[in-house]
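Trainee: Quick one: the structure is below, and I'll ask about it shortly.
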Amino acid sequence: MFKGALPGFRDFYPQELAERAFIMATWRDVARRYAFVEYDGPPLEPLELYTRKSGEEIVGQLYNFVDKGGREVALRPEMTPTVARMVGARANALRKPVRWFSMPQLFRYERQQKGRLREHYQLNVDIFGASEVAADAELVSCAVDIMRAFGLSSRDVVVRVSDRRILQAFLESLGVPTDSVPGVYGVIDKLERQPAQVSAEKLAALGVPASAVERIVTIADVGFDEIASRLGGTPSAAIVDEFGAFLRYVPALLGGDTSWLRVDLSIVRGLAYYTGIVFELFDRSGEFRAICGGGRYDTLLQSLGGADLPALGFGMGDVVLGELLRAKGLMRATEAGADYWISGADEVPLERIMEEAARLRGEGRAVEFALREQSLSKQKKAAQASGAREFVTLSNDGTHG
RNA sequence: GUGACUGUAGCUCAAUUGGUCAGAGCACCGGACUGUGGCUCCGGGGGUUGCGGGUUCAAUUCCCGUCAGUCACCCCA
């Protein structure tokens, strides 16, 4: 006998499936409110679709194999290449901006740990063909409204926002050599996970001026005012103005609520393909991994050989979110019981119960009953355990109870 | 891929310095309580103690391996 699922994979018993359905229904509902439309793609893709974007190193993280036709294939680790291909193929025909979302099951061949399995479901929300910063604000607002829809508040979750271009300009204004910027990103990305002393030493080794090291180690505390004053009048001023507009738009979209956003230049998002504003959602306690992350990647479609369309999006997985919801007591999902439990008193034949069940089922009701004649108390106990909402008793004199 | 810790019934756990130690609660099944809220009582099924070796007169309890889990690193979703 097989004892359990493969490592990193989950069996969804009815309770767990109800929770997954609850999460996905909430995702879908909020995405719809923002006028995003749903799409999907194949769970299995050519391996090259991922190596072209991320290089051969990525193969170590992929669930890949050779199929019976000799093709190198991989279970999708992310949705972006797929959606980039789909949008690229019809770039000229699609009404812009394209506002799409999907809830794919994604796969990674990695050793599992808390909040990370080999498989998960991830909401992907993307906008293509919009260079306006209002689009960035729409995405962040959508992510926050999803938190709200789950009953989470800004006391539970914070949105940390940054901009790669501003971070680069900020670092250069501190005297960081341009060549050292990528290395400094790497240090910044690890600030929270290693001692400040270690970070400072690494920065010094990268040629960062002593005067700038301390400011970089505490870069998470840099606010918009400091950014604006330091970069005002420089070539980056227009970008800072855009960032300022973004910081006004998000609260406007949230009905005036300013409590969710926090400027945090330490959000680097994996050094990857992001080109502008980036953001991550974290629980305030710091107990869990990032709940959600995203940003703008204007050059990615073109680099994948597709259309030259600006693009931005975010991903939100079900694993960390589920852990957070359970920790907060907000997982509102239970196995659905039947609408009616039909019982029979005094030797009512099973056929009469079945006929009544058939009648109600014909009306679209969910109906269960004991599959053999039992005492009424037994039936009532079974009905209660099943979670059925109504307990109906048929008796020989034709009455209902 | 590397390291640390862990591994007893579906779940949570127990079992003196290795010697009837394979148990309890919950859950599940059956029965009683003949009736209004998941109460009470009785009974039952279920584990080759992750798996495979080794040490020993004897191992759940010691050693090795392996698989799995947790956490961290790596990396990222």
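Residue names in the structure tokens use chain letters A, B, ... in the order shown, residue numbers from 1 in each chain, and ligand numbers from 1 in the order shown.
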Up to 9 Å from chain B, what residues of chain A turn up? Count only C-alpha atoms (C1' of nucleotides) and give them as a list in words.

Mentor: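 Filtering chain A at 9 Å from chain B with only C-alpha atoms (C1' of nucleotides) gives Pro7, Gln61, Pro77, Glu78, Leu106, Phe107, Arg108, Gln113, Lys114, Arg116, His120, Gln122, Gly270, Gly293, Gly315, Met316, Gly317, Ser375, Leu376, Ser377, Lys381, Gln384 and Ala385 of chain A.
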
Trainee: Would you mind listing what lies within 7 Å of segment 219-226 of chain A as a JSON list (two decimals) with N, CA and C atoms, in the first residue's frame, with only C-alpha atoms (C1' of nucleotides) counted and same-chain residues fewer than 5 positions away left out?

Mentor:
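around_20.json was written with the following content:
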```
[["chain", "number", "residue", "atom", "x", "y", "z"],
["A", 263, "VAL", "N", 6.88, 52.27, 2.48],
["A", 263, "VAL", "CA", 8.02, 52.34, 1.56],
["A", 263, "VAL", "C", 9.17, 51.56, 2.18],
["A", 264, "ASP", "N", 9.76, 50.67, 1.41],
["A", 264, "ASP", "CA", 10.84, 49.84, 1.94],
["A", 264, "ASP", "C", 11.76, 49.44, 0.79],
["A", 265, "LEU", "N", 12.85, 50.19, 0.65],
["A", 265, "LEU", "CA", 13.75, 49.95, -0.48],
["A", 265, "LEU", "C", 14.49, 48.62, -0.36],
["A", 266, "SER", "N", 14.33, 47.93, 0.76],
["A", 266, "SER", "CA", 15.04, 46.65, 0.89],
["A", 266, "SER", "C", 14.32, 45.53, 0.14]]
```

Trainee: Which distance in Å separates atom CA of Arg90 of chain A and atom CA of Phe314 of chain A, to one decimal?

Mentor: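 It comes out at 21.6 Å.
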
Trainee: DSSP on the backbone, then: every residue of segment 156-213 of chain A marked strand (DSSP E), written as a list in words.

Mentor: Val157, Val158, Val159, Arg160, Val161, Ser162 and Asp163 of chain A

Trainee: Residues within 12 Å of U49 of chain B, please, as a PyMOL selection string. Count only C-alpha atoms (C1' of nucleotides); anything in the same chain fewer than 5 positions from it doesn't count.

Mentor: chain B and resi 7-9+15+21-23+59-61
